[in-house]
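Structure file model00.cif (mmCIF, C-alpha atoms) follows.
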data_protein
#
loop_
_atom_site.group_PDB
_atom_site.id
_atom_site.type_symbol
_atom_site.label_atom_id
_atom_site.label_comp_id
_atom_site.auth_asym_id
_atom_site.auth_seq_id
_atom_site.Cartn_x
_atom_site.Cartn_y
_atom_site.Cartn_z
ATOM 1 C CA MET A 1 3.492 -108.704 53.356
ATOM 2 C CA PRO A 2 0.098 -109.751 51.960
ATOM 3 C CA ASP A 3 -0.851 -113.415 51.978
ATOM 4 C CA LEU A 4 -0.415 -114.419 48.330
ATOM 5 C CA GLY A 5 -1.484 -118.015 48.904
ATOM 6 C CA LYS A 6 -0.661 -120.655 46.303
ATOM 7 C CA TYR A 7 0.183 -118.007 43.689
ATOM 8 C CA ALA A 8 2.957 -116.385 45.748
ATOM 9 C CA GLU A 9 5.685 -117.725 43.461
ATOM 10 C CA ALA A 10 4.006 -116.380 40.310
ATOM 11 C CA VAL A 11 3.316 -112.931 41.777
ATOM 12 C CA LEU A 12 6.707 -112.494 43.436
ATOM 13 C CA SER A 13 8.663 -113.723 40.411
ATOM 14 C CA SER A 14 6.704 -111.325 38.144
ATOM 15 C CA TYR A 15 7.618 -108.371 40.351
ATOM 16 C CA ALA A 16 11.233 -109.514 40.785
ATOM 17 C CA ILE A 17 11.852 -109.994 37.045
ATOM 18 C CA SER A 18 10.132 -106.724 36.096
ATOM 19 C CA LEU A 19 11.757 -104.550 38.729
ATOM 20 C CA GLY A 20 15.127 -106.170 38.032
ATOM 21 C CA LEU A 21 14.851 -105.354 34.312
ATOM 22 C CA ILE A 22 13.679 -101.791 34.976
ATOM 23 C CA VAL A 23 16.491 -101.118 37.457
ATOM 24 C CA ALA A 24 19.039 -102.613 35.024
ATOM 25 C CA LEU A 25 17.694 -100.408 32.202
ATOM 26 C CA VAL A 26 17.884 -97.266 34.345
ATOM 27 C CA VAL A 27 21.373 -98.058 35.706
ATOM 28 C CA LEU A 28 22.784 -98.901 32.265
ATOM 29 C CA SER A 29 21.239 -95.744 30.759
ATOM 30 C CA VAL A 30 22.708 -93.530 33.501
ATOM 31 C CA LEU A 31 26.152 -95.182 33.305
ATOM 32 C CA ARG A 32 26.293 -94.843 29.508
ATOM 33 C CA ALA A 33 25.118 -91.221 29.747
ATOM 34 C CA ARG A 34 27.951 -90.395 32.164
ATOM 35 C CA LYS A 35 30.547 -92.275 30.136
ATOM 36 C CA VAL A 36 29.615 -90.624 26.824
ATOM 37 C CA LYS A 37 29.438 -87.172 28.453
ATOM 38 C CA ALA A 38 32.955 -87.594 29.897
ATOM 39 C CA GLN A 39 34.340 -88.956 26.615
ATOM 40 C CA LEU A 40 32.830 -86.073 24.639
ATOM 41 C CA ALA A 41 34.305 -83.520 27.057
ATOM 42 C CA GLU A 42 37.712 -85.129 26.550
ATOM 43 C CA VAL A 43 37.417 -85.161 22.748
ATOM 44 C CA GLU A 44 36.166 -81.549 22.694
ATOM 45 C CA ALA A 45 39.058 -80.425 24.914
ATOM 46 C CA ARG A 46 41.519 -82.263 22.667
ATOM 47 C CA SER A 47 40.051 -80.784 19.491
ATOM 48 C CA LYS A 48 40.213 -77.266 21.001
ATOM 49 C CA THR A 49 43.874 -77.606 22.015
ATOM 50 C CA GLY A 50 44.618 -79.318 18.700
ATOM 51 C CA GLY A 51 42.945 -76.455 16.859
ATOM 52 C CA LYS A 52 44.948 -73.830 18.755
ATOM 53 C CA ALA A 53 48.230 -75.662 18.141
ATOM 54 C CA GLN A 54 47.358 -75.839 14.433
ATOM 55 C CA GLU A 55 46.634 -72.073 14.377
ATOM 56 C CA GLN A 56 49.991 -71.337 16.080
ATOM 57 C CA ALA A 57 51.831 -73.590 13.619
ATOM 58 C CA ASP A 58 50.088 -71.841 10.687
ATOM 59 C CA GLY A 59 50.610 -68.359 12.143
ATOM 60 C CA MET B 1 5.722 -67.976 20.370
ATOM 61 C CA SER B 2 8.269 -70.761 20.325
ATOM 62 C CA SER B 3 7.874 -73.609 17.870
ATOM 63 C CA ILE B 4 8.307 -77.318 18.618
ATOM 64 C CA TRP B 5 10.907 -77.405 15.836
ATOM 65 C CA GLU B 6 13.258 -75.353 18.027
ATOM 66 C CA TYR B 7 13.882 -78.600 19.913
ATOM 67 C CA ALA B 8 15.353 -80.052 16.747
ATOM 68 C CA ASN B 9 18.380 -77.999 17.734
ATOM 69 C CA PRO B 10 20.511 -80.442 19.803
ATOM 70 C CA LYS B 11 21.747 -77.734 22.190
ATOM 71 C CA LYS B 12 18.227 -76.479 22.846
ATOM 72 C CA PHE B 13 16.997 -80.059 23.325
ATOM 73 C CA ILE B 14 19.738 -80.866 25.838
ATOM 74 C CA ALA B 15 19.247 -77.593 27.756
ATOM 75 C CA THR B 16 15.475 -78.077 27.995
ATOM 76 C CA THR B 17 15.537 -81.770 28.886
ATOM 77 C CA ASP B 18 18.293 -81.129 31.467
ATOM 78 C CA ARG B 19 15.868 -78.828 33.263
ATOM 79 C CA LEU B 20 12.916 -81.231 32.952
ATOM 80 C CA LEU B 21 14.722 -84.493 33.696
ATOM 81 C CA PRO B 22 14.866 -84.255 37.529
ATOM 82 C CA TRP B 23 11.152 -83.403 37.711
ATOM 83 C CA VAL B 24 10.044 -86.122 35.309
ATOM 84 C CA SER B 25 12.293 -88.682 37.055
ATOM 85 C CA ALA B 26 10.934 -87.767 40.482
ATOM 86 C CA LEU B 27 7.370 -87.969 39.167
ATOM 87 C CA ALA B 28 8.088 -91.374 37.582
ATOM 88 C CA LEU B 29 9.569 -92.744 40.798
ATOM 89 C CA GLY B 30 6.780 -91.326 42.956
ATOM 90 C CA LEU B 31 3.953 -92.602 40.738
ATOM 91 C CA MET B 32 5.516 -96.039 40.239
ATOM 92 C CA VAL B 33 6.160 -96.534 43.955
ATOM 93 C CA LEU B 34 2.648 -95.324 44.822
ATOM 94 C CA GLY B 35 0.924 -97.447 42.157
ATOM 95 C CA LEU B 36 2.919 -100.629 42.778
ATOM 96 C CA VAL B 37 2.911 -100.425 46.589
ATOM 97 C CA TRP B 38 -0.821 -99.637 46.612
ATOM 98 C CA GLY B 39 -1.546 -102.441 44.166
ATOM 99 C CA PHE B 40 0.683 -105.022 45.798
ATOM 100 C CA PHE B 41 -0.016 -104.374 49.476
ATOM 101 C CA PHE B 42 -3.405 -102.681 49.684
ATOM 102 C CA THR B 43 -5.707 -104.306 47.133
ATOM 103 C CA PRO B 44 -7.668 -107.505 47.715
ATOM 104 C CA ASP B 45 -7.400 -110.727 45.731
ATOM 105 C CA ASP B 46 -9.726 -111.187 42.775
ATOM 106 C CA PHE B 47 -12.512 -113.707 43.389
ATOM 107 C CA ARG B 48 -11.509 -115.735 40.314
ATOM 108 C CA GLN B 49 -7.819 -115.005 39.814
ATOM 109 C CA GLY B 50 -6.758 -114.875 43.452
ATOM 110 C CA SER B 51 -3.548 -112.984 44.199
ATOM 111 C CA THR B 52 -2.345 -113.251 40.567
ATOM 112 C CA VAL B 53 -4.420 -110.133 39.888
ATOM 113 C CA LYS B 54 -1.539 -108.171 41.444
ATOM 114 C CA ILE B 55 0.493 -108.896 38.301
ATOM 115 C CA ILE B 56 -1.828 -106.478 36.474
ATOM 116 C CA TYR B 57 0.017 -103.461 37.971
ATOM 117 C CA ILE B 58 3.143 -104.418 36.024
ATOM 118 C CA HIS B 59 1.789 -106.372 33.070
ATOM 119 C CA VAL B 60 -0.684 -103.781 31.740
ATOM 120 C CA PRO B 61 1.582 -100.687 32.086
ATOM 121 C CA SER B 62 4.542 -102.475 30.497
ATOM 122 C CA ALA B 63 2.390 -103.777 27.615
ATOM 123 C CA MET B 64 0.967 -100.277 27.130
ATOM 124 C CA MET B 65 4.467 -98.778 27.017
ATOM 125 C CA ALA B 66 5.764 -101.513 24.681
ATOM 126 C CA ILE B 67 3.189 -100.400 22.098
ATOM 127 C CA ASN B 68 3.369 -96.667 22.839
ATOM 128 C CA ALA B 69 7.173 -96.677 22.616
ATOM 129 C CA TRP B 70 6.892 -98.023 19.080
ATOM 130 C CA ALA B 71 4.242 -95.392 18.300
ATOM 131 C CA MET B 72 6.597 -92.675 19.547
ATOM 132 C CA MET B 73 9.420 -94.155 17.448
ATOM 133 C CA LEU B 74 7.106 -94.108 14.428
ATOM 134 C CA VAL B 75 6.288 -90.412 14.886
ATOM 135 C CA ALA B 76 9.977 -89.570 15.417
ATOM 136 C CA SER B 77 10.945 -91.633 12.343
ATOM 137 C CA MET B 78 8.351 -89.844 10.213
ATOM 138 C CA VAL B 79 9.715 -86.486 11.400
ATOM 139 C CA TRP B 80 13.185 -87.660 10.356
ATOM 140 C CA ILE B 81 11.975 -88.796 6.920
ATOM 141 C CA VAL B 82 10.037 -85.586 6.251
ATOM 142 C CA ARG B 83 12.131 -82.890 7.959
ATOM 143 C CA ARG B 84 15.571 -84.544 8.422
ATOM 144 C CA HIS B 85 15.939 -83.465 12.069
ATOM 145 C CA HIS B 86 18.703 -85.537 13.638
ATOM 146 C CA VAL B 87 17.295 -85.204 17.152
ATOM 147 C CA SER B 88 14.091 -86.988 16.126
ATOM 148 C CA ALA B 89 16.004 -89.908 14.577
ATOM 149 C CA LEU B 90 18.183 -90.149 17.688
ATOM 150 C CA ALA B 91 15.113 -89.994 19.953
ATOM 151 C CA ALA B 92 13.659 -92.975 18.069
ATOM 152 C CA ARG B 93 16.949 -94.829 18.505
ATOM 153 C CA ALA B 94 16.988 -93.934 22.220
ATOM 154 C CA ALA B 95 13.451 -95.236 22.753
ATOM 155 C CA ALA B 96 13.994 -98.670 21.179
ATOM 156 C CA PRO B 97 15.794 -100.427 24.083
ATOM 157 C CA ILE B 98 13.194 -99.061 26.517
ATOM 158 C CA GLY B 99 10.391 -100.440 24.352
ATOM 159 C CA ALA B 100 12.214 -103.775 24.027
ATOM 160 C CA VAL B 101 12.548 -104.082 27.818
ATOM 161 C CA MET B 102 8.858 -103.205 28.257
ATOM 162 C CA THR B 103 7.951 -105.893 25.705
ATOM 163 C CA VAL B 104 10.053 -108.495 27.563
ATOM 164 C CA ILE B 105 8.369 -107.542 30.852
ATOM 165 C CA ALA B 106 4.906 -107.810 29.259
ATOM 166 C CA LEU B 107 5.729 -111.195 27.689
ATOM 167 C CA ALA B 108 7.360 -112.586 30.853
ATOM 168 C CA THR B 109 4.675 -111.423 33.277
ATOM 169 C CA GLY B 110 2.000 -112.576 30.816
ATOM 170 C CA ALA B 111 3.526 -116.053 30.686
ATOM 171 C CA ILE B 112 3.874 -116.223 34.474
ATOM 172 C CA TRP B 113 0.279 -115.034 34.875
ATOM 173 C CA GLY B 114 -0.991 -117.337 32.121
ATOM 174 C CA GLN B 115 0.439 -120.522 33.601
ATOM 175 C CA PRO B 116 -1.851 -120.686 36.678
ATOM 176 C CA MET B 117 -4.843 -119.044 34.922
ATOM 177 C CA TRP B 118 -4.790 -120.694 31.480
ATOM 178 C CA GLY B 119 -2.739 -123.752 32.374
ATOM 179 C CA THR B 120 -0.019 -122.829 29.877
ATOM 180 C CA TRP B 121 2.951 -120.455 29.701
ATOM 181 C CA TRP B 122 2.400 -119.712 26.040
ATOM 182 C CA GLU B 123 -0.263 -119.993 23.371
ATOM 183 C CA TRP B 124 -0.022 -118.947 19.714
ATOM 184 C CA ASP B 125 -2.863 -116.552 20.332
ATOM 185 C CA PRO B 126 -3.142 -113.477 18.028
ATOM 186 C CA ARG B 127 -2.227 -110.970 20.725
ATOM 187 C CA LEU B 128 0.650 -112.965 22.209
ATOM 188 C CA THR B 129 2.055 -113.803 18.779
ATOM 189 C CA SER B 130 1.899 -110.204 17.539
ATOM 190 C CA PHE B 131 3.630 -109.113 20.761
ATOM 191 C CA LEU B 132 6.410 -111.627 20.201
ATOM 192 C CA ILE B 133 6.837 -110.361 16.618
ATOM 193 C CA LEU B 134 6.897 -106.781 17.943
ATOM 194 C CA PHE B 135 9.746 -107.822 20.265
ATOM 195 C CA LEU B 136 11.644 -109.294 17.296
ATOM 196 C CA PHE B 137 11.117 -106.015 15.437
ATOM 197 C CA TYR B 138 12.606 -104.163 18.406
ATOM 198 C CA LEU B 139 15.679 -106.410 18.275
ATOM 199 C CA GLY B 140 15.966 -105.946 14.507
ATOM 200 C CA TYR B 141 15.616 -102.174 14.850
ATOM 201 C CA ILE B 142 18.364 -101.989 17.519
ATOM 202 C CA ALA B 143 20.629 -104.294 15.520
ATOM 203 C CA LEU B 144 20.141 -102.275 12.314
ATOM 204 C CA TRP B 145 21.151 -99.029 14.022
ATOM 205 C CA SER B 146 24.321 -100.712 15.339
ATOM 206 C CA ALA B 147 25.166 -102.397 12.048
ATOM 207 C CA ILE B 148 25.303 -99.255 9.873
ATOM 208 C CA GLU B 149 28.173 -96.853 10.356
ATOM 209 C CA ASP B 150 26.703 -93.830 8.616
ATOM 210 C CA ASP B 151 24.135 -92.258 10.954
ATOM 211 C CA ASP B 152 21.924 -90.809 8.229
ATOM 212 C CA THR B 153 21.709 -94.092 6.317
ATOM 213 C CA ALA B 154 20.973 -95.934 9.565
ATOM 214 C CA ALA B 155 18.234 -93.412 10.388
ATOM 215 C CA ASP B 156 16.702 -93.834 6.901
ATOM 216 C CA LEU B 157 16.647 -97.643 7.015
ATOM 217 C CA THR B 158 15.471 -97.924 10.627
ATOM 218 C CA SER B 159 12.666 -95.455 9.864
ATOM 219 C CA ILE B 160 11.400 -97.758 7.134
ATOM 220 C CA LEU B 161 11.710 -100.761 9.471
ATOM 221 C CA CYS B 162 9.776 -98.816 12.101
ATOM 222 C CA LEU B 163 7.015 -98.112 9.604
ATOM 223 C CA VAL B 164 6.727 -101.822 8.736
ATOM 224 C CA GLY B 165 6.850 -102.879 12.397
ATOM 225 C CA SER B 166 4.001 -100.515 13.206
ATOM 226 C CA VAL B 167 1.625 -103.088 11.742
ATOM 227 C CA PHE B 168 2.571 -105.435 14.591
ATOM 228 C CA ALA B 169 2.421 -102.675 17.204
ATOM 229 C CA LEU B 170 -1.128 -102.012 16.008
ATOM 230 C CA LEU B 171 -1.941 -105.736 15.938
ATOM 231 C CA SER B 172 -0.586 -106.127 19.490
ATOM 232 C CA ARG B 173 -3.200 -103.642 20.618
ATOM 233 C CA TYR B 174 -6.152 -104.641 18.458
ATOM 234 C CA ALA B 175 -5.519 -108.331 17.620
ATOM 235 C CA VAL B 176 -8.207 -109.410 20.078
ATOM 236 C CA ASN B 177 -10.748 -107.246 18.241
ATOM 237 C CA PHE B 178 -9.647 -108.355 14.759
ATOM 238 C CA TRP B 179 -9.672 -112.097 15.506
ATOM 239 C CA ASN B 180 -12.156 -113.134 18.128
ATOM 240 C CA GLN B 181 -10.109 -116.112 19.245
ATOM 241 C CA GLY B 182 -7.285 -117.012 21.583
ATOM 242 C CA LEU B 183 -6.854 -117.014 25.324
ATOM 243 C CA HIS B 184 -6.047 -113.356 25.914
ATOM 244 C CA GLN B 185 -9.014 -111.284 27.022
ATOM 245 C CA GLY B 186 -10.154 -108.169 25.186
ATOM 246 C CA ALA B 187 -9.553 -104.621 26.379
ATOM 247 C CA SER B 188 -11.074 -103.998 29.792
ATOM 248 C CA VAL B 189 -9.074 -101.067 31.118
ATOM 249 C CA LEU B 190 -9.384 -98.355 28.480
ATOM 250 C CA ARG B 191 -12.440 -99.668 26.651
ATOM 251 C CA ALA B 192 -14.945 -96.969 25.702
ATOM 252 C CA SER B 193 -17.951 -98.746 27.235
ATOM 253 C CA ALA B 194 -15.968 -99.387 30.411
ATOM 254 C CA LEU B 195 -14.909 -95.764 30.667
ATOM 255 C CA ALA B 196 -18.530 -94.742 30.124
ATOM 256 C CA GLY B 197 -19.397 -96.569 33.335
ATOM 257 C CA ASP B 198 -20.464 -100.067 32.235
ATOM 258 C CA THR B 199 -19.432 -101.970 35.371
ATOM 259 C CA GLU B 200 -19.754 -105.370 33.648
ATOM 260 C CA GLU B 201 -17.056 -104.381 31.157
ATOM 261 C CA ARG B 202 -14.474 -102.681 33.270
ATOM 262 C CA VAL B 203 -11.830 -103.443 35.863
ATOM 263 C CA SER B 204 -13.237 -102.694 39.321
ATOM 264 C CA ASN B 205 -12.269 -99.311 40.790
ATOM 265 C CA ILE B 206 -10.474 -101.006 43.653
ATOM 266 C CA PHE B 207 -7.958 -102.353 41.111
ATOM 267 C CA ALA B 208 -8.283 -99.581 38.514
ATOM 268 C CA THR B 209 -7.063 -96.644 40.640
ATOM 269 C CA PRO B 210 -3.616 -98.065 41.514
ATOM 270 C CA LEU B 211 -3.426 -99.458 37.975
ATOM 271 C CA PHE B 212 -3.889 -95.997 36.408
ATOM 272 C CA ILE B 213 -1.282 -94.564 38.805
ATOM 273 C CA SER B 214 1.152 -97.314 37.833
ATOM 274 C CA MET B 215 0.450 -96.670 34.118
ATOM 275 C CA ALA B 216 1.182 -92.966 34.639
ATOM 276 C CA GLY B 217 4.408 -93.922 36.445
ATOM 277 C CA PHE B 218 5.539 -96.163 33.577
ATOM 278 C CA LEU B 219 4.758 -93.355 31.116
ATOM 279 C CA MET B 220 6.843 -90.872 33.117
ATOM 280 C CA LEU B 221 9.672 -93.418 33.376
ATOM 281 C CA PHE B 222 9.607 -93.814 29.597
ATOM 282 C CA ILE B 223 9.733 -90.032 29.071
ATOM 283 C CA ALA B 224 12.602 -89.624 31.569
ATOM 284 C CA LEU B 225 14.603 -92.421 29.945
ATOM 285 C CA VAL B 226 13.954 -91.084 26.434
ATOM 286 C CA PHE B 227 15.223 -87.636 27.526
ATOM 287 C CA LEU B 228 18.362 -89.122 29.096
ATOM 288 C CA ARG B 229 19.110 -91.591 26.310
ATOM 289 C CA THR B 230 18.457 -89.029 23.543
ATOM 290 C CA GLN B 231 20.935 -86.665 25.207
ATOM 291 C CA THR B 232 23.435 -89.541 25.201
ATOM 292 C CA GLU B 233 22.805 -90.304 21.523
ATOM 293 C CA ILE B 234 23.241 -86.611 20.616
ATOM 294 C CA ARG B 235 26.565 -86.485 22.477
ATOM 295 C CA ALA B 236 27.711 -89.808 20.982
ATOM 296 C CA ARG B 237 26.917 -88.500 17.485
ATOM 297 C CA ARG B 238 28.884 -85.292 18.104
ATOM 298 C CA MET B 239 31.785 -87.337 19.432
ATOM 299 C CA ARG B 240 31.792 -89.532 16.306
ATOM 300 C CA ALA B 241 31.836 -86.384 14.158
ATOM 301 C CA LEU B 242 34.763 -84.863 16.100
ATOM 302 C CA LEU B 243 36.740 -88.120 15.995
ATOM 303 C CA ALA B 244 36.145 -88.367 12.232
ATOM 304 C CA ARG B 245 37.435 -84.786 11.838
ATOM 305 C CA GLU B 246 40.501 -85.670 13.941
ATOM 306 C CA ARG B 247 41.257 -88.643 11.720
ATOM 307 C CA MET B 248 41.072 -86.462 8.605
ATOM 308 C CA GLN B 249 43.591 -83.925 9.929
#
What's the structure tokens form of this structure?
Amino acid sequence: MPDLGKYAEAVLSSYAISLGLIVALVVLSVLRARKVKAQLAEVEARSKTGGKAQEQADG
Amino acid sequence: MSSIWEYANPKKFIATTDRLLPWVSALALGLMVLGLVWGFFFTPDDFRQGSTVKIIYIHVPSAMMAINAWAMMLVASMVWIVRRHHVSALAARAAAPIGAVMTVIALATGAIWGQPMWGTWWEWDPRLTSFLILFLFYLGYIALWSAIEDDDTAADLTSILCLVGSVFALLSRYAVNFWNQGLHQGASVLRASALAGDTEERVSNIFATPLFISMAGFLMLFIALVFLRTQTEIRARRMRALLARERMQ
């Protein structure tokens, strides 16, 4: 750890805030990506089965 | 020869960015770790600013990306207005929260750096003020997308907002040149005379090398997040369309 002297608080808090925000942004982006991907797969599967059932009912 | 407009096809965009995403993410992580670790642990203190100079490795890249994110959103918005490609509108939407976070980081680290150097957290200086307004534009842009249900209308209105906000993105970069006042210093990293080798004008090499690596890392992080978040927006849009079709049946 380098000797940051009297400015240690300013330097360390800058890094902590910035890295915290970046990590939060990355984590939230990844979590939302996974959630939306799973939800879309579910809706697509439902619309396919719904479509087939409709075709059978029509046929 | 393939055209860039092929990527306006959502499937093609997702397939291509899926292949690129691991590489861009790894590059972003590698460059950011290298730049920040080098800057934090292995550079000396500045003779005037002491150890606060280490804030430069976060402050400058985040400020650069705050402005460049808006520039990317502007280009994507113009593509939407002219060619009506949904992927470009969704890419602009995806980039906005990243740009907003970069603006917050630049403002916060600037305030923390300013307190010991200028004796104040904040000053209504042209550059700081235009950056704050840019942040408010980011919030307005994100809110407008969320407030309008119809995607195409939202894309139209946010594109216009993006065009207006570009004035402040430009001011954030060049305010120091337009108004020669305020506490914030002028450009010293990417200034033409500095790049030409004028040592009086530029950041010393001992600080500049890790700074450029950190800037490249932030750029790669932005690209990786735009890829990921645009994929998410494309999927969310498709899901909304399928759910609307379900409701109509």
Would you mind listing what lies within 10 Å of B:Trp70 as a PyMOL selection string, with only C-alpha atoms counted and same-chain residues fewer than 6 positions away left out? chain B and resi 76+92+95-96+98-100+134+137-138+162-163+165-166+168-170
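The smallest atom-to-atom distance between B:Ile58 and any of B:Phe227, B:Ile142, B:Leu90, B:Met102, using all atoms listed in the file, is found for B:Met102.
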Could you give me, as a tab-separated table, every chain A residue with an atom at most 8 Å from chain B, plus its closest atom pair and distance in Å to one decimal, counting all atoms listed in the file, rows ordered by chain then number?
residue	atom	partner	partner_atom	distance
A:Met1	CA	B:Phe41	CA	6.8
A:Pro2	CA	B:Phe41	CA	5.9
A:Leu4	CA	B:Ser51	CA	5.4
A:Gly5	CA	B:Ser51	CA	7.2
A:Tyr7	CA	B:Thr52	CA	6.2
A:Ala8	CA	B:Ser51	CA	7.5
A:Ala10	CA	B:Ile112	CA	5.8
A:Val11	CA	B:Thr52	CA	5.8
A:Ser14	CA	B:Thr109	CA	5.3
A:Tyr15	CA	B:Ile58	CA	7.4
A:Ile17	CA	B:Ile105	CA	7.5
A:Ser18	CA	B:Ile105	CA	5.6
A:Leu21	CA	B:Val101	CA	7.0
A:Ile22	CA	B:Val101	CA	7.6
A:Leu25	CA	B:Ile98	CA	7.4
A:Val26	CA	B:Leu225	CA	7.3
A:Ser29	CA	B:Arg229	CA	6.4
A:Val30	CA	B:Leu228	CA	7.6
A:Arg32	CA	B:Thr232	CA	7.4
A:Ala33	CA	B:Thr232	CA	5.1
A:Val36	CA	B:Ala236	CA	6.2
A:Lys37	CA	B:Arg235	CA	6.7
A:Gln39	CA	B:Met239	CA	7.8
A:Leu40	CA	B:Met239	CA	5.5
A:Val43	CA	B:Met239	CA	6.9
A:Glu44	CA	B:Leu242	CA	7.5
A:Ser47	CA	B:Glu246	CA	7.4
Could you check which residues have any atom within 12 Å of (2.3, -90.0, 32.1), counting all atoms listed in the file with coordinates taken straight from the file, and then list them as a compact mmCIF listing (two decimals) with C-alpha atoms, in the frame of the given file?
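The new file out.txt reads:
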# COMPACT_ATOMS: atom_id res chain seq x y z
CA VAL B 24 10.04 -86.12 35.31
CA SER B 25 12.29 -88.68 37.06
CA LEU B 27 7.37 -87.97 39.17
CA ALA B 28 8.09 -91.37 37.58
CA LEU B 29 9.57 -92.74 40.80
CA GLY B 30 6.78 -91.33 42.96
CA LEU B 31 3.95 -92.60 40.74
CA MET B 32 5.52 -96.04 40.24
CA PRO B 61 1.58 -100.69 32.09
CA MET B 64 0.97 -100.28 27.13
CA MET B 65 4.47 -98.78 27.02
CA ASN B 68 3.37 -96.67 22.84
CA PHE B 212 -3.89 -96.00 36.41
CA ILE B 213 -1.28 -94.56 38.80
CA SER B 214 1.15 -97.31 37.83
CA MET B 215 0.45 -96.67 34.12
CA ALA B 216 1.18 -92.97 34.64
CA GLY B 217 4.41 -93.92 36.44
CA PHE B 218 5.54 -96.16 33.58
CA LEU B 219 4.76 -93.36 31.12
CA MET B 220 6.84 -90.87 33.12
CA LEU B 221 9.67 -93.42 33.38
CA PHE B 222 9.61 -93.81 29.60
CA ILE B 223 9.73 -90.03 29.07
CA ALA B 224 12.60 -89.62 31.57
Put a box with edges along x, y and z around all the listed atoms of stretch 138-150 of chain B, pad it by 8 Å on each side, then give me its centre and sizes in Å, one decimal, as JSON.
{"center_x": 20.4, "center_y": -100.1, "center_z": 13.5, "size_x": 31.6, "size_y": 28.6, "size_z": 25.8}
Coordinates-based distance that separates atom CA of B:Phe135 from atom CA of B:His85 (Å, one decimal): 26.4 Å
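Pairwise distance (atom CA of B:Ser146, atom CA of B:Leu20) equals 28.6 Å.
Distance-wise, atom CA of B:Ala71 and atom CA of B:Leu128 end up 18.4 Å apart.
Counting all atoms listed in the file, the residue from B:Ile4, B:Leu34, B:Ala15, B:Val60 that sits nearest to B:Arg173 is B:Val60.
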Between B:Leu211, B:Met117, B:Ala89, B:Val33, single out the one closest to B:Asp152, counting only C-alpha atoms. B:Ala89
